[in-house]
>>> print(open('query25.tsv').read())   # TSV, C-alpha atoms and all ligand atoms
chain	number	residue	atom	x	y	z
A	1	MET	CA	120.63	-18.65	-8.90
A	2	THR	CA	120.04	-15.52	-10.99
A	3	ALA	CA	119.76	-12.32	-9.05
A	4	THR	CA	116.84	-10.14	-10.10
A	5	PRO	CA	115.83	-6.68	-8.97
A	6	ILE	CA	113.33	-6.64	-6.15
A	7	TYR	CA	110.36	-4.52	-7.07
A	8	PRO	CA	108.01	-3.02	-4.49
A	9	ALA	CA	104.71	-4.93	-4.50
A	10	HIS	CA	102.67	-1.81	-5.32
A	11	ILE	CA	104.79	-1.29	-8.47
A	12	ALA	CA	104.75	-4.91	-9.59
A	13	SER	CA	100.95	-4.95	-9.31
A	14	LEU	CA	100.50	-1.94	-11.63
A	15	LYS	CA	98.98	-2.48	-15.07
A	16	PRO	CA	100.09	-0.40	-18.06
A	17	TYR	CA	97.56	2.16	-19.28
A	18	VAL	CA	95.58	0.85	-22.27
A	19	PRO	CA	95.02	3.71	-24.73
A	20	GLY	CA	92.55	3.76	-27.62
A	21	LEU	CA	93.66	1.50	-30.49
A	22	PRO	CA	96.15	3.49	-32.61
A	23	ILE	CA	95.01	4.31	-36.17
A	24	SER	CA	98.23	2.85	-37.60
A	25	ASP	CA	97.59	-0.53	-35.91
A	26	LEU	CA	94.12	-0.95	-37.36
A	27	ALA	CA	95.16	0.37	-40.79
A	28	ALA	CA	97.98	-2.20	-40.95
A	29	ARG	CA	95.68	-5.01	-39.81
A	30	LEU	CA	93.00	-4.22	-42.40
A	31	GLY	CA	95.37	-3.18	-45.20
A	32	PHE	CA	93.73	0.28	-45.22
A	33	GLU	CA	95.33	3.67	-45.64
A	34	GLU	CA	95.52	5.54	-42.33
A	35	ASN	CA	93.17	8.23	-43.62
A	36	GLU	CA	90.50	5.58	-44.20
A	37	ILE	CA	90.34	4.84	-40.48
A	38	VAL	CA	87.97	6.81	-38.27
A	39	LYS	CA	89.09	6.98	-34.65
A	40	LEU	CA	86.40	7.94	-32.17
A	41	ALA	CA	88.16	6.54	-29.15
A	42	SER	CA	90.29	9.18	-27.43
A	43	ASN	CA	88.05	12.26	-27.22
A	44	GLU	CA	90.22	14.26	-29.57
A	45	ASN	CA	89.01	17.50	-31.12
A	46	LEU	CA	86.68	16.91	-34.08
A	47	LEU	CA	88.11	19.96	-35.90
A	48	GLY	CA	91.74	19.06	-35.26
A	49	ALA	CA	93.80	21.95	-33.88
A	50	SER	CA	93.37	25.71	-34.06
A	51	PRO	CA	94.95	27.16	-37.24
A	52	LYS	CA	96.57	29.84	-35.07
A	53	ALA	CA	98.15	27.16	-32.88
A	54	LEU	CA	99.41	25.30	-35.94
A	55	ALA	CA	100.98	28.46	-37.34
A	56	ALA	CA	102.63	29.24	-33.99
A	57	LEU	CA	103.88	25.68	-33.76
A	58	ALA	CA	105.51	25.84	-37.19
A	59	SER	CA	107.40	29.03	-36.35
A	60	ALA	CA	108.49	27.67	-32.95
A	61	ALA	CA	109.99	24.52	-34.48
A	62	ILE	CA	113.28	26.27	-35.33
A	63	ASP	CA	114.05	26.52	-31.60
A	64	ILE	CA	114.10	22.80	-30.81
A	65	SER	CA	117.85	22.66	-30.21
A	66	ARG	CA	117.35	24.71	-27.02
A	67	TYR	CA	115.84	23.62	-23.74
A	68	PRO	CA	112.37	25.00	-23.20
A	69	ASP	CA	111.57	27.53	-20.48
A	70	SER	CA	111.20	25.13	-17.58
A	71	ASP	CA	108.85	27.50	-15.74
A	72	CYS	CA	106.68	28.07	-18.82
A	73	ALA	CA	106.58	31.74	-17.82
A	74	ALA	CA	104.87	33.10	-20.92
A	75	LEU	CA	102.24	30.36	-20.92
A	76	VAL	CA	101.65	30.71	-17.19
A	77	LYS	CA	101.16	34.44	-17.69
A	78	ALA	CA	98.68	33.87	-20.52
A	79	ILE	CA	96.70	31.34	-18.45
A	80	ALA	CA	96.72	33.65	-15.42
A	81	GLN	CA	95.42	36.52	-17.53
A	82	PHE	CA	92.77	34.32	-19.07
A	83	HIS	CA	91.43	33.38	-15.61
A	84	ASP	CA	92.13	36.75	-14.01
A	85	ILE	CA	94.42	35.28	-11.35
A	86	SER	CA	98.02	35.83	-10.39
A	87	PRO	CA	100.68	33.60	-12.07
A	88	GLU	CA	101.61	32.01	-8.72
A	89	TRP	CA	98.29	30.19	-8.87
A	90	VAL	CA	99.12	28.32	-12.08
A	91	VAL	CA	101.09	25.08	-12.45
A	92	VAL	CA	101.69	23.76	-15.95
A	93	GLY	CA	102.42	20.14	-16.85
A	94	ALA	CA	102.86	17.83	-19.83
A	95	GLY	CA	99.13	17.18	-19.96
A	96	SER	CA	96.90	17.45	-16.93
A	97	GLU	CA	97.68	13.75	-16.44
A	98	SER	CA	101.18	14.83	-15.46
A	99	VAL	CA	99.82	17.45	-13.04
A	100	LEU	CA	97.64	14.69	-11.56
A	101	GLY	CA	100.73	12.56	-11.08
A	102	ASN	CA	102.54	15.44	-9.38
A	103	ILE	CA	99.66	16.02	-6.99
A	104	ALA	CA	99.66	12.34	-6.08
A	105	ALA	CA	103.44	12.47	-5.59
A	106	THR	CA	103.04	15.54	-3.38
A	107	ILE	CA	100.17	14.33	-1.22
A	108	LEU	CA	100.22	10.54	-1.20
A	109	GLU	CA	102.93	8.47	0.32
A	110	GLY	CA	102.85	4.82	1.32
A	111	GLY	CA	99.85	4.19	3.51
A	112	ARG	CA	97.99	7.38	2.70
A	113	LYS	CA	94.63	7.09	0.98
A	114	SER	CA	92.91	8.66	-1.99
A	115	ALA	CA	89.18	8.58	-2.66
A	116	TYR	CA	87.35	8.71	-5.96
A	117	SER	CA	84.14	7.57	-7.54
A	118	ALA	CA	83.77	4.22	-9.27
A	119	TYR	CA	84.11	4.58	-13.08
A	120	SER	CA	86.60	7.40	-12.62
A	121	PHE	CA	89.39	8.30	-15.01
A	122	GLN	CA	92.06	5.57	-15.05
A	123	ALA	CA	94.87	8.00	-14.21
A	124	TYR	CA	93.49	8.43	-10.66
A	125	VAL	CA	93.83	4.73	-10.01
A	126	ASN	CA	97.35	4.52	-11.41
A	127	ALA	CA	98.63	7.70	-9.76
A	128	ALA	CA	97.45	6.40	-6.39
A	129	LYS	CA	98.76	2.87	-6.85
A	130	ARG	CA	102.14	4.11	-8.06
A	131	MET	CA	102.53	5.91	-4.74
A	132	GLY	CA	101.56	2.84	-2.76
A	133	ALA	CA	98.43	4.68	-1.66
A	134	VAL	CA	95.27	2.88	-0.63
A	135	PRO	CA	92.36	3.69	-2.97
A	136	ILE	CA	88.88	4.23	-1.55
A	137	VAL	CA	86.41	3.65	-4.39
A	138	VAL	CA	82.96	5.11	-3.77
A	139	PRO	CA	80.12	3.26	-5.56
A	140	SER	CA	78.29	5.14	-8.27
A	141	PRO	CA	75.10	3.23	-9.12
A	142	ASP	CA	73.71	5.92	-11.46
A	143	LEU	CA	77.12	6.57	-13.09
A	144	LYS	CA	77.33	10.03	-11.51
A	145	VAL	CA	79.81	10.97	-8.83
A	146	ASP	CA	78.04	10.32	-5.50
A	147	LEU	CA	79.08	13.39	-3.49
A	148	GLY	CA	77.33	12.07	-0.36
A	149	GLY	CA	79.27	8.83	-0.70
A	150	LEU	CA	82.54	10.71	-1.14
A	151	GLU	CA	81.79	12.74	1.96
A	152	ARG	CA	81.08	9.59	3.97
A	153	ALA	CA	84.43	8.24	2.72
A	154	LEU	CA	86.08	10.96	4.83
A	155	GLY	CA	85.51	8.52	7.70
A	156	GLU	CA	88.30	6.42	6.16
A	157	ASN	CA	90.63	9.41	6.31
A	158	PRO	CA	91.74	10.04	2.72
A	159	SER	CA	94.41	12.69	2.05
A	160	LEU	CA	93.30	13.25	-1.52
A	161	VAL	CA	89.89	13.28	-3.19
A	162	TYR	CA	89.45	13.22	-6.97
A	163	ILE	CA	86.38	14.44	-8.80
A	164	ALA	CA	86.15	14.60	-12.58
A	165	ASN	CA	83.43	17.01	-13.65
A	166	PRO	CA	82.24	16.13	-16.23
A	167	GLY	CA	83.29	12.54	-15.70
A	168	ASN	CA	85.22	10.32	-18.08
A	169	PRO	CA	84.07	7.76	-19.28
A	170	THR	CA	80.57	8.68	-18.07
A	171	GLY	CA	80.20	12.21	-19.50
A	172	THR	CA	77.87	13.08	-16.64
A	173	VAL	CA	78.00	16.38	-14.78
A	174	LEU	CA	77.29	17.58	-11.23
A	175	GLU	CA	75.09	20.52	-10.24
A	176	PRO	CA	77.43	23.46	-9.52
A	177	ASP	CA	75.63	24.35	-6.26
A	178	GLU	CA	75.95	20.82	-4.93
A	179	LEU	CA	79.60	20.72	-5.87
A	180	GLU	CA	80.34	24.05	-4.22
A	181	SER	CA	78.64	23.06	-0.99
A	182	PHE	CA	80.51	19.72	-1.06
A	183	LEU	CA	83.81	21.61	-1.43
A	184	SER	CA	82.90	23.88	1.47
A	185	ARG	CA	82.44	20.82	3.71
A	186	MET	CA	85.82	19.26	2.86
A	187	PRO	CA	88.27	19.55	5.76
A	188	ALA	CA	91.26	21.78	4.90
A	189	HIS	CA	93.79	18.95	5.31
A	190	VAL	CA	92.18	16.95	2.48
A	191	VAL	CA	93.35	18.04	-0.96
A	192	VAL	CA	90.59	17.97	-3.56
A	193	ILE	CA	91.33	17.65	-7.28
A	194	LEU	CA	88.54	18.96	-9.47
A	195	ASP	CA	89.43	17.65	-12.91
A	196	GLU	CA	87.70	19.78	-15.53
A	197	ALA	CA	89.20	18.27	-18.69
A	198	TYR	CA	85.85	18.76	-20.49
A	199	PHE	CA	84.85	22.06	-18.86
A	200	GLU	CA	84.53	23.94	-22.16
A	201	PHE	CA	81.83	21.54	-23.39
A	202	VAL	CA	79.54	22.11	-20.40
A	203	GLY	CA	76.57	24.37	-21.09
A	204	PRO	CA	76.45	27.75	-19.32
A	205	GLN	CA	73.76	26.73	-16.77
A	206	LEU	CA	75.78	23.79	-15.49
A	207	ARG	CA	79.18	25.48	-15.44
A	208	GLY	CA	80.51	26.07	-11.96
A	209	ASP	CA	82.75	29.06	-11.26
A	210	SER	CA	85.62	26.80	-10.29
A	211	VAL	CA	88.25	29.55	-10.31
A	212	HIS	CA	86.17	31.36	-7.70
A	213	TRP	CA	86.09	28.12	-5.69
A	214	VAL	CA	89.90	28.00	-5.75
A	215	ARG	CA	89.87	31.50	-4.23
A	216	ARG	CA	87.59	30.22	-1.47
A	217	PHE	CA	89.24	26.85	-0.77
A	218	PRO	CA	93.01	26.55	-0.13
A	219	ASN	CA	92.87	22.74	-0.47
A	220	LEU	CA	91.40	22.75	-4.00
A	221	VAL	CA	93.25	22.17	-7.29
A	222	VAL	CA	91.29	22.71	-10.50
A	223	LEU	CA	92.71	20.95	-13.55
A	224	ARG	CA	92.27	22.06	-17.14
A	225	THR	CA	93.82	20.75	-20.33
A	226	PHE	CA	94.65	21.81	-23.86
A	227	SER	CA	94.04	18.24	-25.06
A	228	LYS	CA	90.29	18.26	-25.59
A	229	ALA	CA	88.39	21.40	-26.67
A	230	TYR	CA	91.64	23.20	-27.52
A	231	GLY	CA	92.72	20.36	-29.81
A	232	LEU	CA	96.35	19.92	-28.69
A	233	ALA	CA	96.28	16.34	-27.35
A	234	GLY	CA	99.46	15.43	-29.22
A	235	LEU	CA	101.48	18.27	-27.71
A	236	ARG	CA	100.78	17.40	-24.05
A	237	VAL	CA	99.88	20.56	-22.13
A	238	GLY	CA	97.60	20.91	-19.14
A	239	TYR	CA	97.57	22.95	-15.95
A	240	GLY	CA	96.38	23.18	-12.40
A	241	ILE	CA	95.00	26.22	-10.59
A	242	ALA	CA	95.51	26.34	-6.83
A	243	GLN	CA	96.28	28.87	-4.13
A	244	PRO	CA	100.00	29.80	-4.05
A	245	ALA	CA	100.97	27.62	-1.05
A	246	LEU	CA	99.64	24.45	-2.65
A	247	ALA	CA	100.81	25.46	-6.14
A	248	ASP	CA	104.31	26.03	-4.73
A	249	MET	CA	104.41	22.45	-3.39
A	250	LEU	CA	103.40	21.11	-6.80
A	251	ARG	CA	106.12	23.13	-8.51
A	252	ARG	CA	108.73	21.58	-6.22
A	253	VAL	CA	107.71	18.10	-7.30
A	254	ARG	CA	107.36	18.65	-11.03
A	255	SER	CA	110.25	17.57	-13.25
A	256	PRO	CA	111.99	20.38	-15.13
A	257	PHE	CA	111.58	20.86	-18.89
A	258	THR	CA	108.62	18.49	-19.26
A	259	VAL	CA	106.59	20.91	-21.38
A	260	THR	CA	108.33	21.50	-24.70
A	261	HIS	CA	108.87	24.94	-26.19
A	262	THR	CA	106.66	24.11	-29.18
A	263	ALA	CA	103.89	22.99	-26.83
A	264	GLN	CA	104.12	26.20	-24.79
A	265	VAL	CA	104.00	28.41	-27.88
A	266	ALA	CA	101.10	26.50	-29.43
A	267	ALA	CA	99.12	26.52	-26.16
A	268	ILE	CA	99.43	30.32	-25.91
A	269	ALA	CA	98.14	30.64	-29.48
A	270	ALA	CA	95.33	28.14	-28.82
A	271	LEU	CA	94.20	30.05	-25.73
A	272	ASP	CA	94.14	33.17	-27.85
A	273	ASP	CA	91.97	31.51	-30.51
A	274	GLN	CA	88.62	31.57	-28.74
A	275	GLU	CA	86.92	31.61	-32.13
A	276	PHE	CA	88.22	28.08	-32.82
A	277	LEU	CA	87.03	27.05	-29.38
A	278	SER	CA	83.52	28.37	-30.08
A	279	ARG	CA	83.37	26.53	-33.40
A	280	THR	CA	84.48	23.34	-31.68
A	281	ILE	CA	81.81	23.64	-28.99
A	282	GLU	CA	79.05	24.52	-31.46
A	283	MET	CA	79.88	21.68	-33.82
A	284	ASN	CA	80.37	19.21	-30.99
A	285	GLY	CA	76.92	20.00	-29.64
A	286	ARG	CA	75.30	19.57	-33.03
A	287	VAL	CA	77.03	16.31	-33.99
A	288	ARG	CA	76.63	14.86	-30.49
A	289	GLN	CA	72.88	15.34	-30.79
A	290	MET	CA	72.96	13.61	-34.16
A	291	LEU	CA	74.99	10.73	-32.71
A	292	VAL	CA	72.64	10.28	-29.75
A	293	LYS	CA	69.57	10.40	-31.98
A	294	GLY	CA	71.10	7.89	-34.37
A	295	LEU	CA	72.03	5.53	-31.55
A	296	THR	CA	68.58	5.81	-30.02
A	297	SER	CA	66.92	4.97	-33.32
A	298	LEU	CA	69.15	1.89	-33.52
A	299	GLY	CA	67.91	0.90	-30.06
A	300	ILE	CA	71.13	1.86	-28.26
A	301	GLN	CA	70.75	3.76	-25.01
A	302	SER	CA	73.32	6.38	-23.98
A	303	LEU	CA	73.95	8.63	-21.00
A	304	GLU	CA	73.26	12.35	-21.28
A	305	SER	CA	76.67	13.73	-22.18
A	306	HIS	CA	78.20	17.11	-21.33
A	307	THR	CA	81.45	16.34	-23.15
A	308	ASN	CA	82.81	15.46	-26.58
A	309	PHE	CA	82.01	11.77	-26.16
A	310	VAL	CA	79.00	9.60	-25.46
A	311	LEU	CA	78.84	6.51	-23.27
A	312	ALA	CA	76.59	4.03	-25.05
A	313	LYS	CA	75.17	0.75	-23.81
A	314	ALA	CA	76.20	-1.72	-26.48
A	315	GLY	CA	75.48	-5.05	-24.77
A	316	GLN	CA	79.03	-6.34	-24.94
A	317	GLY	CA	81.30	-3.34	-25.31
A	318	ALA	CA	84.49	-5.11	-26.31
A	319	ALA	CA	82.78	-7.35	-28.88
A	320	PHE	CA	80.87	-4.36	-30.27
A	321	ALA	CA	84.12	-2.41	-30.68
A	322	ARG	CA	85.78	-5.37	-32.40
A	323	ARG	CA	82.95	-5.67	-34.90
A	324	LEU	CA	83.25	-1.99	-35.78
A	325	GLU	CA	86.99	-2.39	-36.37
A	326	LYS	CA	86.21	-4.38	-39.53
A	327	HIS	CA	84.60	-1.19	-40.84
A	328	GLY	CA	87.73	0.83	-40.10
A	329	LEU	CA	86.14	2.40	-37.01
A	330	ILE	CA	87.73	2.66	-33.59
A	331	VAL	CA	85.57	3.20	-30.50
A	332	ARG	CA	86.60	2.62	-26.90
A	333	PRO	CA	85.52	-0.39	-24.85
A	334	VAL	CA	85.43	0.55	-21.18
A	335	ASP	CA	85.61	-2.83	-19.46
A	336	SER	CA	88.87	-1.69	-17.86
A	337	TYR	CA	86.74	0.97	-16.11
A	338	GLY	CA	84.35	-1.72	-14.85
A	339	LEU	CA	81.73	-1.01	-17.51
A	340	PRO	CA	81.78	-4.11	-19.77
A	341	GLU	CA	78.37	-3.41	-21.30
A	342	TRP	CA	79.27	0.05	-22.55
A	343	VAL	CA	81.45	1.71	-25.16
A	344	ARG	CA	82.71	5.27	-25.21
A	345	ILE	CA	82.31	7.00	-28.55
A	346	SER	CA	83.99	10.34	-29.22
A	347	VAL	CA	82.02	12.93	-31.15
A	348	GLY	CA	83.63	13.18	-34.59
A	349	THR	CA	82.65	15.13	-37.66
A	350	GLU	CA	79.21	14.71	-39.18
A	351	SER	CA	80.49	12.36	-41.90
A	352	GLU	CA	82.45	10.27	-39.38
A	353	VAL	CA	79.37	9.85	-37.21
A	354	GLU	CA	77.27	8.99	-40.26
A	355	ARG	CA	79.78	6.30	-41.16
A	356	LEU	CA	79.68	4.96	-37.61
A	357	LEU	CA	75.89	4.85	-37.49
A	358	HIS	CA	75.78	3.09	-40.84
A	359	ALA	CA	78.30	0.47	-39.67
A	360	ILE	CA	76.31	-0.14	-36.46
A	361	HIS	CA	73.16	-0.51	-38.55
A	362	VAL	CA	74.90	-3.10	-40.74
A	363	GLU	CA	76.25	-5.00	-37.74
A	364	LEU	CA	72.90	-5.07	-35.98
A	365	ALA	CA	71.26	-6.45	-39.13
A	366	THR	CA	73.69	-9.38	-39.42
B	1	LIG	C1	91.56	13.58	-21.21
B	1	LIG	C2	91.47	13.72	-19.74
B	1	LIG	C3	92.45	14.37	-19.01
B	1	LIG	C4	93.57	15.12	-19.60
B	1	LIG	O1	94.47	14.54	-20.31
B	1	LIG	P1	95.82	15.28	-20.69
B	1	LIG	O2	95.91	15.03	-22.14
B	1	LIG	O3	96.86	14.58	-19.88
B	1	LIG	O4	95.72	16.73	-20.33
B	1	LIG	C5	92.29	14.52	-17.65
B	1	LIG	N1	91.22	14.05	-17.04
B	1	LIG	C6	90.24	13.44	-17.70
B	1	LIG	C7	89.06	12.98	-16.95
B	1	LIG	C8	90.34	13.23	-19.07
B	1	LIG	O5	89.39	12.57	-19.72
>>> encode(input="query25.tsv", output="structure tokens")
Amino acid sequence: MTATPIYPAHIASLKPYVPGLPISDLAARLGFEENEIVKLASNENLLGASPKALAALASAAIDISRYPDSDCAALVKAIAQFHDISPEWVVVGAGSESVLGNIAATILEGGRKSAYSAYSFQAYVNAAKRMGAVPIVVPSPDLKVDLGGLERALGENPSLVYIANPGNPTGTVLEPDELESFLSRMPAHVVVILDEAYFEFVGPQLRGDSVHWVRRFPNLVVLRTFSKAYGLAGLRVGYGIAQPALADMLRRVRSPFTVTHTAQVAAIAALDDQEFLSRTIEMNGRVRQMLVKGLTSLGIQSLESHTNFVLAKAGQGAAFARRLEKHGLIVRPVDSYGLPEWVRISVGTESEVERLLHAIHVELAT
């Protein structure tokens, strides 16, 4: 008899995260050069990264033989200044995904529960399952987070509630007033994660003052990332904002040295380059409108997006994505989110979106 390790059931039942198809995979399959592939699958910045961040990154590269500042003091200070809060309120991680994982590790232990909306970001599901937590999934018939449903889920006694605003993969947004009043009704022993990965893309009327909410609510963690509008997805930097007592708990759990020196330096430069951010937001808005119009004229319905991606109803999402692959285009099927009829399409440059619309036109005609 061969002895094998005994894995806890909640670990053995996990499924690995399925990312967007890598450019190199499709290029190799089609015999294309990598620069001939257009990837609109991972909500990356359509302009790439800020030139200031790239310059800072290049000059920081000579320091890679040293450990980074584990506390990310300079970055924490820059983020605190940016939000006009004290540094004790800021917790940095290797992507906000890693902060999410730390919150789950802090709050959830075997038998505790976490609640989130159906069609939520995959990381919520995995972070909860990894901890052996019991997920409470609140139905979302109109693909928006049902705040009333989440509030009723309190009856099942969750310790952690996740809300992505805007949502991924839906792109939908909540009214700030409704969200604030929801937060005010959450009992103090329930930690609420407000994941604002796409905050910068939300128009001014629908933007909640989430930092002000953190001042009001000691059980709230707001998450932001440098991966989307700031264009640093490959460097892995994100952060949480919470009152000092909660932030202190998260700092105890986080692994040291997870955010590299180069990432810290580039994130500081990116935060300082608000001009790049404005260009990103302006261009994203323009091309997103073009994408939605193009899809509509091809008879493809999409949800009103407040992000840098669009959720489009393609009939059979996975098959649709596979057909586009022949054209060197990568979009994201979302059947793993429970949305088999939809695909998520990131907003690219104008020429990338033109190429996508043309390919869809060709496919629909055959
Ligand atoms: C992209 C995304 C994140 C952040 O990802 P990181 O790269 O880990 O910072 C977090 N939440 C949602 C909903 C996202 O779509």
>>> residues_near_ligand(input="query25.tsv", ligand="ligand LIG 1 (chain B)", cutoff="6 Å", atoms="all atoms listed in the file", output="PyMOL selection string")
chain A and resi 95-97+121+164+167-168+195+197+225+227+233+236-238
>>> residues_near_point(input="query25.tsv", point="(84.9, 2.7, -35.9)", cutoff="7 Å", atoms="only C-alpha atoms", output="NGL selection string")
:A and (38-40 or 324-325 or 327-331 or 356)
>>> residues_around(input="query25.tsv", residues="Tyr17 of chain A", least_positions_apart="4", cutoff="10 Å", atoms="all atoms listed in the file", output="list in words")
Gln122, Ala123, Asn126 and Ser336 of chain A
>>> atom_distance(input="query25.tsv", atom1="atom CA of Leu174 of chain A", atom2="atom CA of Leu206 of chain A")
7.7 Å
>>> residues_around(input="query25.tsv", residues="segment 248-255 of chain A", least_positions_apart="6", cutoff="10 Å", atoms="all atoms listed in the file", output="PyMOL selection string")
chain A and resi 70-71+88-94+98-107+240+242
>>> atom_distance(input="query25.tsv", atom1="atom CA of Arg185 of chain A", atom2="atom CA of Leu108 of chain A")
21.1 Å
>>> atom_distance(input="query25.tsv", atom1="atom CA of Asn308 of chain A", atom2="atom CA of Val347 of chain A")
5.3 Å
>>> closest_residue(input="query25.tsv", among="A:Ala270, A:Ala55, A:Leu150, A:Ile241", to="Ile85 of chain A", atoms="all atoms listed in the file")
A:Ile241
>>> residues_near_point(input="query25.tsv", point="(75.2, -3.2, -10.1)", cutoff="12 Å", atoms="all atoms listed in the file", output="ChimeraX atom specification")
/A:118,139-143,338-341
>>> write_last_selection(input="query25.tsv", atoms="C-alpha atoms", output="compact mmCIF listing (two decimals), in the coordinates of the input")
# COMPACT_ATOMS: atom_id res chain seq x y z
CA ALA A 118 83.77 4.22 -9.27
CA PRO A 139 80.12 3.26 -5.56
CA SER A 140 78.29 5.14 -8.27
CA PRO A 141 75.10 3.23 -9.12
CA ASP A 142 73.71 5.92 -11.46
CA LEU A 143 77.12 6.57 -13.09
CA GLY A 338 84.35 -1.72 -14.85
CA LEU A 339 81.73 -1.01 -17.51
CA PRO A 340 81.78 -4.11 -19.77
CA GLU A 341 78.37 -3.41 -21.30
>>> closest_residue(input="query25.tsv", among="A:Val173, A:Ala49, A:Ala78, A:Ala314", to="Glu275 of chain A", atoms="only C-alpha atoms")
A:Ala49
>>> closest_residue(input="query25.tsv", among="A:Leu271, A:Leu220, A:Val161, A:Ala9", to="Arg130 of chain A", atoms="all atoms listed in the file")
A:Ala9
>>> residues_around(input="query25.tsv", residues="Glu109 of chain A", least_positions_apart="3", cutoff="12 Å", atoms="all atoms listed in the file", output="JSON, numbers by chain")
{"A": [10, 102, 103, 104, 105, 106, 112, 113, 114, 127, 128, 129, 130, 131, 132, 133, 134, 158, 159, 160]}
>>> closest_residue(input="query25.tsv", among="A:Ser65, A:Tyr124, A:Lys293, A:Glu354", to="Tyr337 of chain A", atoms="all atoms listed in the file")
A:Tyr124
>>> residues_around(input="query25.tsv", residues="Tyr198 of chain A", least_positions_apart="3", cutoff="8 Å", atoms="only C-alpha atoms", output="list in words")
Asn165, Pro166, Phe201, Val202, Arg224, Lys228, Ala229, His306, Thr307 and Asn308 of chain A
>>> axis_aligned_box(input="query25.tsv", around="segment 272-288 of chain A", padding_each_side="3 Å", output="lines of an AutoDock Vina configuration file")
center_x = 84.7
center_y = 24.0
center_z = -30.9
size_x = 24.8
size_y = 24.3
size_z = 12.1
>>> closest_residue(input="query25.tsv", among="A:Pro87, A:Gly234, A:Gly48, A:Pro176", to="Ser210 of chain A", atoms="only C-alpha atoms")
A:Pro176
>>> closest_residue(input="query25.tsv", among="A:Leu357, A:Leu291, A:Ala365, A:Ile268", to="Lys52 of chain A", atoms="only C-alpha atoms")
A:Ile268
>>> decode(input="query25.tsv", residues="segment 104-115 of chain A", atoms="N, CA, C and O atoms", output="PDB file, in the first residue's frame")
ATOM      1  N   ALA A 104      -9.666  37.120   4.114  1.00  0.00           N
ATOM      2  CA  ALA A 104     -10.309  35.820   4.343  1.00  0.00           C
ATOM      3  C   ALA A 104      -9.558  35.044   5.425  1.00  0.00           C
ATOM      4  O   ALA A 104     -10.158  34.463   6.326  1.00  0.00           O
ATOM      5  N   ALA A 105      -8.206  35.081   5.348  1.00  0.00           N
ATOM      6  CA  ALA A 105      -7.409  34.352   6.339  1.00  0.00           C
ATOM      7  C   ALA A 105      -7.588  34.940   7.737  1.00  0.00           C
ATOM      8  O   ALA A 105      -7.465  34.239   8.741  1.00  0.00           O
ATOM      9  N   THR A 106      -7.872  36.239   7.800  1.00  0.00           N
ATOM     10  CA  THR A 106      -8.031  36.905   9.089  1.00  0.00           C
ATOM     11  C   THR A 106      -9.412  36.626   9.697  1.00  0.00           C
ATOM     12  O   THR A 106      -9.543  36.454  10.906  1.00  0.00           O
ATOM     13  N   ILE A 107     -10.418  36.597   8.855  1.00  0.00           N
ATOM     14  CA  ILE A 107     -11.795  36.589   9.336  1.00  0.00           C
ATOM     15  C   ILE A 107     -12.430  35.205   9.313  1.00  0.00           C
ATOM     16  O   ILE A 107     -13.226  34.855  10.182  1.00  0.00           O
ATOM     17  N   LEU A 108     -12.075  34.413   8.281  1.00  0.00           N
ATOM     18  CA  LEU A 108     -12.781  33.150   8.097  1.00  0.00           C
ATOM     19  C   LEU A 108     -11.958  32.009   8.655  1.00  0.00           C
ATOM     20  O   LEU A 108     -10.783  31.876   8.344  1.00  0.00           O
ATOM     21  N   GLU A 109     -12.534  31.200   9.439  1.00  0.00           N
ATOM     22  CA  GLU A 109     -11.877  29.948   9.785  1.00  0.00           C
ATOM     23  C   GLU A 109     -12.935  28.878   9.652  1.00  0.00           C
ATOM     24  O   GLU A 109     -14.108  29.202   9.528  1.00  0.00           O
ATOM     25  N   GLY A 110     -12.506  27.624   9.636  1.00  0.00           N
ATOM     26  CA  GLY A 110     -13.424  26.524   9.367  1.00  0.00           C
ATOM     27  C   GLY A 110     -14.781  26.740  10.031  1.00  0.00           C
ATOM     28  O   GLY A 110     -14.861  27.002  11.233  1.00  0.00           O
ATOM     29  N   GLY A 111     -15.822  26.660   9.232  1.00  0.00           N
ATOM     30  CA  GLY A 111     -17.163  26.775   9.790  1.00  0.00           C
ATOM     31  C   GLY A 111     -17.744  28.166   9.712  1.00  0.00           C
ATOM     32  O   GLY A 111     -18.953  28.342   9.741  1.00  0.00           O
ATOM     33  N   ARG A 112     -16.883  29.193   9.590  1.00  0.00           N
ATOM     34  CA  ARG A 112     -17.429  30.537   9.425  1.00  0.00           C
ATOM     35  C   ARG A 112     -17.952  30.704   7.996  1.00  0.00           C
ATOM     36  O   ARG A 112     -17.632  29.939   7.108  1.00  0.00           O
ATOM     37  N   LYS A 113     -18.749  31.738   7.803  1.00  0.00           N
ATOM     38  CA  LYS A 113     -19.400  31.898   6.498  1.00  0.00           C
ATOM     39  C   LYS A 113     -19.050  33.236   5.857  1.00  0.00           C
ATOM     40  O   LYS A 113     -18.835  34.225   6.543  1.00  0.00           O
ATOM     41  N   SER A 114     -19.036  33.232   4.527  1.00  0.00           N
ATOM     42  CA  SER A 114     -18.897  34.495   3.807  1.00  0.00           C
ATOM     43  C   SER A 114     -20.044  34.596   2.808  1.00  0.00           C
ATOM     44  O   SER A 114     -20.499  33.586   2.271  1.00  0.00           O
ATOM     45  N   ALA A 115     -20.517  35.805   2.593  1.00  0.00           N
ATOM     46  CA  ALA A 115     -21.652  36.023   1.696  1.00  0.00           C
ATOM     47  C   ALA A 115     -21.242  36.926   0.553  1.00  0.00           C
ATOM     48  O   ALA A 115     -20.505  37.899   0.743  1.00  0.00           O
TER      49      ALA A 115
END
